[in-house]
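Engineer: Just one file: upload.txt, with compact mmCIF, C-alpha atoms.
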```txt
# COMPACT_ATOMS: atom_id res chain seq x y z
CA MET A 1 292.71 82.25 86.72
CA GLY A 2 293.18 85.14 84.33
CA CYS A 3 290.57 87.40 82.77
CA PHE A 4 290.61 85.48 79.49
CA GLU A 5 290.00 82.15 81.24
CA CYS A 6 287.14 83.67 83.24
CA CYS A 7 285.52 84.98 80.06
CA ILE A 8 285.85 81.59 78.38
CA LYS A 9 284.28 79.89 81.41
CA CYS A 10 281.39 82.36 81.46
CA LEU A 11 280.78 81.99 77.74
CA GLY A 12 280.79 78.23 78.13
CA GLY A 13 277.78 78.45 80.45
CA VAL A 14 275.64 80.52 78.06
CA PRO A 15 272.70 78.57 76.56
CA TYR A 16 273.20 79.74 72.98
CA ALA A 17 270.29 77.69 71.64
CA SER A 18 267.89 79.25 74.14
CA LEU A 19 269.35 82.68 73.42
CA VAL A 20 268.73 82.32 69.68
CA ALA A 21 265.20 81.03 70.29
CA THR A 22 264.49 83.94 72.66
CA ILE A 23 265.66 86.54 70.13
CA LEU A 24 263.59 84.88 67.39
CA CYS A 25 260.54 84.73 69.67
CA PHE A 26 260.85 88.39 70.69
CA SER A 27 261.31 89.46 67.06
CA GLY A 28 258.34 87.43 65.82
CA VAL A 29 255.99 88.60 68.58
CA ALA A 30 257.10 92.23 68.13
CA LEU A 31 256.46 92.10 64.38
CA PHE A 32 253.10 90.39 64.79
CA CYS A 33 251.84 92.68 67.57
CA GLY A 34 253.19 95.97 66.24
CA CYS A 35 252.31 95.50 62.58
CA GLY A 36 249.02 93.79 63.36
CA HIS A 37 247.89 96.63 65.63
CA VAL A 38 248.57 99.34 63.03
CA ALA A 39 247.11 97.25 60.19
CA LEU A 40 243.86 96.69 62.09
CA THR A 41 243.50 100.43 62.69
CA ASP A 42 243.99 101.22 58.99
CA THR A 43 241.56 98.45 58.04
CA VAL A 44 238.81 100.10 60.07
CA THR A 45 239.55 103.37 58.28
CA ILE A 46 239.27 101.70 54.86
CA LEU A 47 235.98 100.02 55.77
CA GLU A 48 234.41 103.19 57.16
CA THR A 49 235.53 105.30 54.21
CA HIS A 50 234.81 103.06 51.22
CA PHE A 51 232.71 99.99 52.08
CA SER A 52 230.41 100.71 55.01
CA LYS A 53 229.13 104.26 55.32
CA VAL A 54 226.59 103.42 58.07
CA PRO A 55 228.32 102.99 61.47
CA SER A 56 225.78 100.44 62.71
CA ASP A 57 226.68 98.06 59.87
CA HIS A 58 230.27 97.64 61.00
CA ALA A 59 229.83 98.33 64.73
CA MET A 60 230.33 94.68 65.64
CA LEU A 61 233.43 94.42 63.46
CA THR A 62 234.87 97.54 65.09
CA ASP A 63 234.31 96.05 68.55
CA VAL A 64 236.00 92.81 67.47
CA ILE A 65 239.00 94.71 66.10
CA GLN A 66 239.33 96.72 69.31
CA LEU A 67 239.18 93.49 71.31
CA MET A 68 241.89 91.98 69.11
CA GLN A 69 244.07 95.03 69.72
CA TYR A 70 243.71 94.59 73.48
CA ILE A 71 244.58 90.91 73.05
CA ILE A 72 247.71 91.99 71.16
CA TYR A 73 248.77 94.04 74.19
CA GLY A 74 248.37 90.98 76.41
CA ILE A 75 250.25 88.72 73.98
CA ALA A 76 253.19 91.12 73.81
CA SER A 77 253.43 91.39 77.61
CA PHE A 78 253.03 87.66 78.22
CA PHE A 79 255.63 86.55 75.69
CA PHE A 80 258.13 89.15 76.85
CA LEU A 81 257.94 87.63 80.35
CA TYR A 82 257.71 84.03 79.10
CA GLY A 83 260.77 84.41 76.87
CA ILE A 84 262.83 85.72 79.79
CA ILE A 85 261.67 82.81 81.97
CA LEU A 86 262.60 80.25 79.31
CA LEU A 87 266.00 81.90 78.87
CA ALA A 88 266.57 81.73 82.64
CA GLU A 89 265.51 78.08 82.60
CA GLY A 90 268.04 77.50 79.83
CA PHE A 91 270.80 78.98 82.01
CA TYR A 92 269.72 76.73 84.89
CA THR A 93 269.65 73.51 82.88
CA THR A 94 272.92 74.36 81.13
CA SER A 95 274.61 74.75 84.52
CA ALA A 96 273.12 71.45 85.64
CA VAL A 97 274.42 69.61 82.58
CA LYS A 98 277.84 71.27 82.75
CA GLU A 99 278.29 70.06 86.33
CA LEU A 100 276.81 66.63 85.81
CA HIS A 101 279.71 64.81 87.48
CA SER A 102 280.28 67.29 90.28
CA GLU A 103 278.44 67.93 93.53
CA PHE A 104 275.62 69.75 91.73
CA LYS A 105 272.32 67.95 92.20
CA THR A 106 269.03 68.62 90.45
CA THR A 107 265.91 68.66 92.58
CA ILE A 108 262.53 67.09 91.88
CA CYS A 109 261.01 70.59 91.80
CA GLY A 110 263.46 71.67 89.10
CA ARG A 111 262.61 68.66 86.95
CA CYS A 112 258.88 69.24 87.42
CA ILE A 113 259.25 72.89 86.38
CA SER A 114 261.15 71.83 83.26
CA GLY A 115 258.40 69.32 82.41
CA MET A 116 255.75 71.98 82.96
CA PHE A 117 257.55 74.32 80.54
CA VAL A 118 257.65 71.54 77.94
CA PHE A 119 253.87 71.08 78.17
CA LEU A 120 253.11 74.81 78.22
CA THR A 121 255.39 75.50 75.24
CA TYR A 122 253.72 72.71 73.31
CA VAL A 123 250.27 74.21 73.97
CA LEU A 124 251.48 77.67 72.98
CA GLY A 125 253.03 76.28 69.82
CA VAL A 126 249.74 74.71 68.76
CA ALA A 127 247.92 77.96 69.57
CA TRP A 128 250.37 80.00 67.50
CA LEU A 129 249.84 77.68 64.57
CA GLY A 130 246.22 78.78 64.67
CA VAL A 131 247.29 82.43 64.97
CA PHE A 132 249.57 82.00 61.97
CA GLY A 133 246.72 80.57 59.91
CA PHE A 134 244.34 83.32 61.06
CA SER A 135 246.87 86.06 60.21
CA ALA A 136 247.02 84.74 56.63
CA VAL A 137 243.30 85.54 56.10
CA PRO A 138 243.66 89.36 55.81
CA VAL A 139 246.70 88.84 53.59
CA PHE A 140 244.51 86.77 51.27
CA LEU A 141 241.76 89.41 51.24
CA PHE A 142 244.10 92.30 50.54
CA TYR A 143 245.91 90.26 47.90
CA ASN A 144 242.62 89.72 46.07
CA MET A 145 241.98 93.47 46.04
CA TRP A 146 245.53 94.22 44.94
CA SER A 147 245.39 91.65 42.12
CA THR A 148 242.03 93.01 40.97
CA CYS A 149 243.49 96.52 40.79
CA ALA A 150 246.46 95.15 38.87
CA THR A 151 244.05 93.48 36.44
CA MET A 152 242.29 96.78 35.78
CA ARG A 153 245.61 98.39 34.86
CA SER A 154 246.44 95.65 32.36
CA PRO A 155 245.90 96.16 28.58
CA ILE A 156 243.21 93.47 28.50
CA ALA A 157 241.08 95.41 30.97
CA ASN A 158 241.14 98.46 28.73
CA LEU A 159 239.22 96.50 26.10
CA THR A 160 236.36 95.80 28.51
CA ASN A 161 234.20 97.87 30.82
CA ILE A 162 236.32 98.70 33.88
CA ASP A 163 233.23 99.50 35.94
CA SER A 164 232.24 95.82 35.72
CA ILE A 165 235.34 94.83 37.72
CA CYS A 166 234.38 94.91 41.41
CA VAL A 167 235.47 93.71 44.83
CA ASP A 168 232.62 92.86 47.19
CA ILE A 169 233.92 92.28 50.72
CA ARG A 170 230.46 91.31 51.94
CA GLN A 171 230.99 87.85 50.44
CA TYR A 172 233.84 87.28 52.91
CA GLY A 173 231.58 87.88 55.89
CA VAL A 174 233.53 90.95 57.04
CA ILE A 175 230.44 93.13 56.98
CA PRO A 176 226.75 92.13 56.64
CA TRP A 177 224.97 91.93 53.29
CA THR A 178 222.86 94.94 54.23
CA ALA A 179 225.93 97.19 54.40
CA THR A 180 226.15 99.95 51.81
CA PRO A 181 227.82 100.19 49.42
CA GLY A 182 229.61 96.98 50.43
CA LYS A 183 231.61 96.83 47.23
CA ALA A 184 233.91 98.97 45.11
CA CYS A 185 234.09 98.94 41.32
CA GLY A 186 236.13 100.46 38.54
CA SER A 187 237.89 103.72 39.24
CA THR A 188 236.66 103.73 42.85
CA LEU A 189 238.44 100.45 43.47
CA GLY A 190 241.54 101.80 41.78
CA ASP A 191 241.50 104.84 44.05
CA ILE A 192 241.25 102.58 47.11
CA CYS A 193 244.27 100.57 46.01
CA ASN A 194 246.25 103.78 45.56
CA THR A 195 245.58 105.03 49.09
CA SER A 196 248.33 104.92 51.68
CA GLU A 197 246.06 103.06 54.12
CA PHE A 198 245.61 100.15 51.71
CA TYR A 199 249.27 99.99 50.70
CA LEU A 200 250.47 100.17 54.31
CA SER A 201 247.89 97.72 55.68
CA TYR A 202 248.62 95.15 52.97
CA HIS A 203 252.35 95.10 53.68
CA LEU A 204 251.86 95.26 57.46
CA TYR A 205 249.61 92.19 57.34
CA ILE A 206 252.31 90.36 55.39
CA VAL A 207 254.93 91.29 57.98
CA ALA A 208 252.58 90.35 60.82
CA CYS A 209 251.98 86.94 59.21
CA ALA A 210 255.74 86.46 58.87
CA GLY A 211 256.15 87.42 62.53
CA ALA A 212 253.58 84.80 63.55
CA GLY A 213 255.49 82.21 61.51
CA ALA A 214 258.77 83.23 63.18
CA THR A 215 257.11 82.84 66.58
CA VAL A 216 255.95 79.33 65.68
CA ILE A 217 259.52 78.43 64.66
CA ALA A 218 260.85 79.91 67.91
CA LEU A 219 258.39 77.90 70.02
CA ILE A 220 259.29 74.70 68.16
CA HIS A 221 262.94 75.52 68.83
CA PHE A 222 262.14 76.11 72.50
CA LEU A 223 260.23 72.82 72.64
CA MET A 224 263.23 70.88 71.34
CA ILE A 225 265.56 72.64 73.78
CA LEU A 226 263.27 72.08 76.77
CA SER A 227 262.74 68.42 75.90
CA ALA A 228 266.49 67.85 75.61
CA ASN A 229 267.19 69.72 78.86
CA TRP A 230 264.50 67.77 80.69
CA ALA A 231 266.06 64.51 79.47
CA TYR A 232 269.50 65.70 80.58
CA LEU A 233 268.19 66.62 84.03
CA LYS A 234 266.51 63.23 84.34
CA ASP A 235 269.75 61.47 83.38
CA ALA A 236 271.66 63.67 85.82
CA SER A 237 269.28 62.73 88.61
CA GLN A 238 269.60 59.03 87.83
CA MET A 239 273.38 59.36 87.63
CA HIS A 240 273.59 61.03 91.03
CA ALA A 241 271.25 58.41 92.52
CA TYR A 242 273.45 55.66 91.08
CA GLN A 243 276.58 57.31 92.47
CA ASP A 244 275.00 57.64 95.91
CA ILE A 245 274.01 53.96 95.96
CA LYS A 246 277.46 52.98 94.74
CA MET A 247 279.17 55.04 97.45
CA LYS A 248 276.94 53.50 100.13
CA GLU A 249 277.68 49.97 98.92
CA GLU A 250 281.41 50.67 98.85
CA GLN A 251 281.24 52.11 102.37
CA GLU A 252 279.31 49.08 103.61
CA LEU A 253 281.84 46.78 101.96
CA GLN A 254 284.70 48.63 103.63
CA ASP A 255 282.94 48.40 107.00
CA ILE A 256 282.39 44.65 106.59
CA THR A 257 286.03 44.18 105.58
CA SER A 258 287.31 46.19 108.53
CA ARG A 259 285.08 44.30 110.99
CA SER A 260 286.23 41.00 109.54
CA LYS A 261 289.84 41.99 110.02
CA GLU A 262 289.15 43.06 113.60
CA CYS A 263 287.43 39.76 114.38
CA LEU A 264 290.29 37.82 112.82
CA ASN A 265 292.90 39.78 114.79
CA SER A 266 291.03 39.30 118.05
CA TYR A 267 290.73 35.57 117.38
CA THR A 268 294.39 35.13 116.61
```
Can the structure in the file be given as structure tokens, please?

Structural biologist:
Amino acid sequence: MGCFECCIKCLGGVPYASLVATILCFSGVALFCGCGHVALTDTVTILETHFSKVPSDHAMLTDVIQLMQYIIYGIASFFFLYGIILLAEGFYTTSAVKELHSEFKTTICGRCISGMFVFLTYVLGVAWLGVFGFSAVPVFLFYNMWSTCATMRSPIANLTNIDSICVDIRQYGVIPWTATPGKACGSTLGDICNTSEFYLSYHLYIVACAGAGATVIALIHFLMILSANWAYLKDASQMHAYQDIKMKEEQELQDITSRSKECLNSYT
């Protein structure tokens, strides 16, 4: 076999569907974790500088944000390992399906592991749907601030009192009602929207939300692949069991035929 034939054979055993899902999963998790971590840090800076001057008012929120950043570290590490495991499982099941009619036999342990991955991926997919919905909340909050600032720059706003246009983040439950000042109005709000922290955080939250959505799509893709591979392995197992029974029956039939011929020859 030449080099070209060997390359074609190797490429034929690559689980391209699992490879695409792995790349999409890694990209989505990287965008969500990286952008989310930086955006949370800038959000704390914005709150401390413009909306909550007393540290005790936002101490609980700061602790929650730090906890979320640690959770992001764990999510990134877990999904890096989990994606590699699912890719390896894709290589295993692809080899099993490719050699369905050969001497390759799937074990009960292999089928149980595939079923376990199906269940775990389903649970993770549901969890990431919640993460995707949760990541849309800061996008909504920052969009409200951005649209309010855009309204102040419009010609209609020039006809009214700009100082009457405010954004009060206390109504969203981010900080308590006792926090001071808790809201930003007029030119102060416009200055906040022009800061690099606000501009960067707003776009990073959008990218993080898109990364969470990409991760959900990747997990759904993985779920379809794992379900199909598990079905293929089950069919392969049943096929091999059928072939074994068929070979035993044929062997028994040959033995009965040979013994019948021997008895007939001895009688004659």

Engineer: Just give me the gap between atom CA of A:Val139 and atom CA of A:Asp191 in Å, one decimal is fine.

Structural biologist: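 Distance reported for this atom pair: 19.3 Å.
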
Engineer: Given all atoms listed in the file as the basis, pick out the residue of A:Leu67, A:Ala136, A:Ile192, A:Ile84 nearest to A:Ile46.

Structural biologist: A:Ile192

Engineer: Which distance in Å separates atom CA of A:Thr195 and atom CA of A:Ala214, to one decimal?

Structural biologist: 29.1 Å

Engineer: Every residue with an atom at most 9 Å from (261.6, 70.0, 74.8) (file coordinates; all atoms listed in the file) is what I'm after, so could you write them as a count of residues only?

Structural biologist: 19

Engineer: List the neighbours of A:Gly36 out to 12 Å using all atoms listed in the file; skip same-chain residues closer than 2 positions along the sequence, and give me the result as JSON, numbers by chain.

Structural biologist: {"A": [28, 29, 30, 31, 32, 33, 34, 38, 39, 40, 41, 42, 43, 65, 66, 68, 69, 70, 71, 72, 73, 75, 76, 131, 132, 134, 135, 136, 138, 139, 200, 201, 202, 203, 204, 205, 206, 207, 208, 209, 210, 211, 212]}

Engineer: Could you give me, as a PyMOL selection string, the residues that have an atom at most 10 Å away from the point (263.6, 80.4, 79.2) in the coordinates of the file, using all atoms listed in the file?

Structural biologist: chain A and resi 15+18-19+21-22+81-93+114+117+222+225-226

Engineer: Between A:Leu61, A:Ala127, A:Ile23, A:Ile113, which has the minimum distance to A:Val216 (counting all atoms listed in the file)?

Structural biologist: A:Ala127

Engineer: Using all atoms listed in the file, pick whichever of A:Thr178, A:Ser147, A:Gly186, A:Leu141 has the shortest atom-to-atom distance to A:Asp163.

Structural biologist: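 Ranked by minimum distance to A:Asp163, first place goes to A:Gly186.
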
Engineer: Expressed in Å to a single decimal, how great is the separation between atom CA of A:Cys166 and atom CA of A:Thr188?

Structural biologist: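 Going from atom CA of A:Cys166 over to atom CA of A:Thr188, I get 9.2 Å.
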
Engineer: Kindly compute an axis-aligned box around the listed atoms of stretch 184-196 of chain A, allowing 8 Å on each side, and express its centre and edge lengths in Å to one decimal as AutoDock Vina command-line options.

Structural biologist:
```
--center_x 241.1 --center_y 102.0 --center_z 45.1 --size_x 30.4 --size_y 22.1 --size_z 29.1
```

Engineer: Could you complete stretch 119-132 of chain A so that it carries N, CA, C and O atoms, and give it back as a short mmCIF file (atom, residue, chain, number, x, y, z; two decimals), in the coordinates of the input?

Structural biologist:
```cif
data_model
loop_
_atom_site.label_atom_id
_atom_site.label_comp_id
_atom_site.auth_asym_id
_atom_site.auth_seq_id
_atom_site.Cartn_x
_atom_site.Cartn_y
_atom_site.Cartn_z
N PHE A 119 255.31 71.17 78.47
CA PHE A 119 253.87 71.08 78.17
C PHE A 119 253.30 72.43 77.77
O PHE A 119 252.56 72.54 76.77
N LEU A 120 253.65 73.50 78.51
CA LEU A 120 253.11 74.81 78.22
C LEU A 120 253.60 75.32 76.86
O LEU A 120 252.83 75.92 76.09
N THR A 121 254.86 75.07 76.53
CA THR A 121 255.39 75.50 75.24
C THR A 121 254.73 74.74 74.10
O THR A 121 254.48 75.31 73.02
N TYR A 122 254.43 73.49 74.32
CA TYR A 122 253.72 72.71 73.31
C TYR A 122 252.33 73.29 73.05
O TYR A 122 251.92 73.45 71.88
N VAL A 123 251.61 73.63 74.12
CA VAL A 123 250.27 74.21 73.97
C VAL A 123 250.35 75.55 73.25
O VAL A 123 249.56 75.85 72.35
N LEU A 124 251.32 76.37 73.63
CA LEU A 124 251.48 77.67 72.98
C LEU A 124 251.87 77.53 71.51
O LEU A 124 251.43 78.32 70.66
N GLY A 125 252.67 76.52 71.21
CA GLY A 125 253.03 76.28 69.82
C GLY A 125 251.83 75.92 68.97
O GLY A 125 251.68 76.42 67.84
N VAL A 126 250.96 75.07 69.50
CA VAL A 126 249.74 74.71 68.76
C VAL A 126 248.84 75.94 68.59
O VAL A 126 248.25 76.16 67.52
N ALA A 127 248.74 76.75 69.66
CA ALA A 127 247.92 77.96 69.57
C ALA A 127 248.46 78.94 68.53
O ALA A 127 247.70 79.55 67.76
N TRP A 128 249.79 79.07 68.46
CA TRP A 128 250.37 80.00 67.50
C TRP A 128 250.27 79.48 66.07
O TRP A 128 250.31 80.28 65.13
N LEU A 129 250.14 78.19 65.91
CA LEU A 129 249.84 77.68 64.57
C LEU A 129 248.48 78.19 64.09
O LEU A 129 248.31 78.56 62.93
N GLY A 130 247.51 78.21 65.01
CA GLY A 130 246.22 78.78 64.67
C GLY A 130 246.30 80.28 64.40
O GLY A 130 245.64 80.79 63.48
N VAL A 131 247.11 80.99 65.20
CA VAL A 131 247.29 82.43 64.97
C VAL A 131 247.95 82.69 63.62
O VAL A 131 247.57 83.62 62.89
N PHE A 132 248.91 81.85 63.26
CA PHE A 132 249.57 82.00 61.97
C PHE A 132 248.58 81.80 60.82
O PHE A 132 248.58 82.56 59.84
#
```
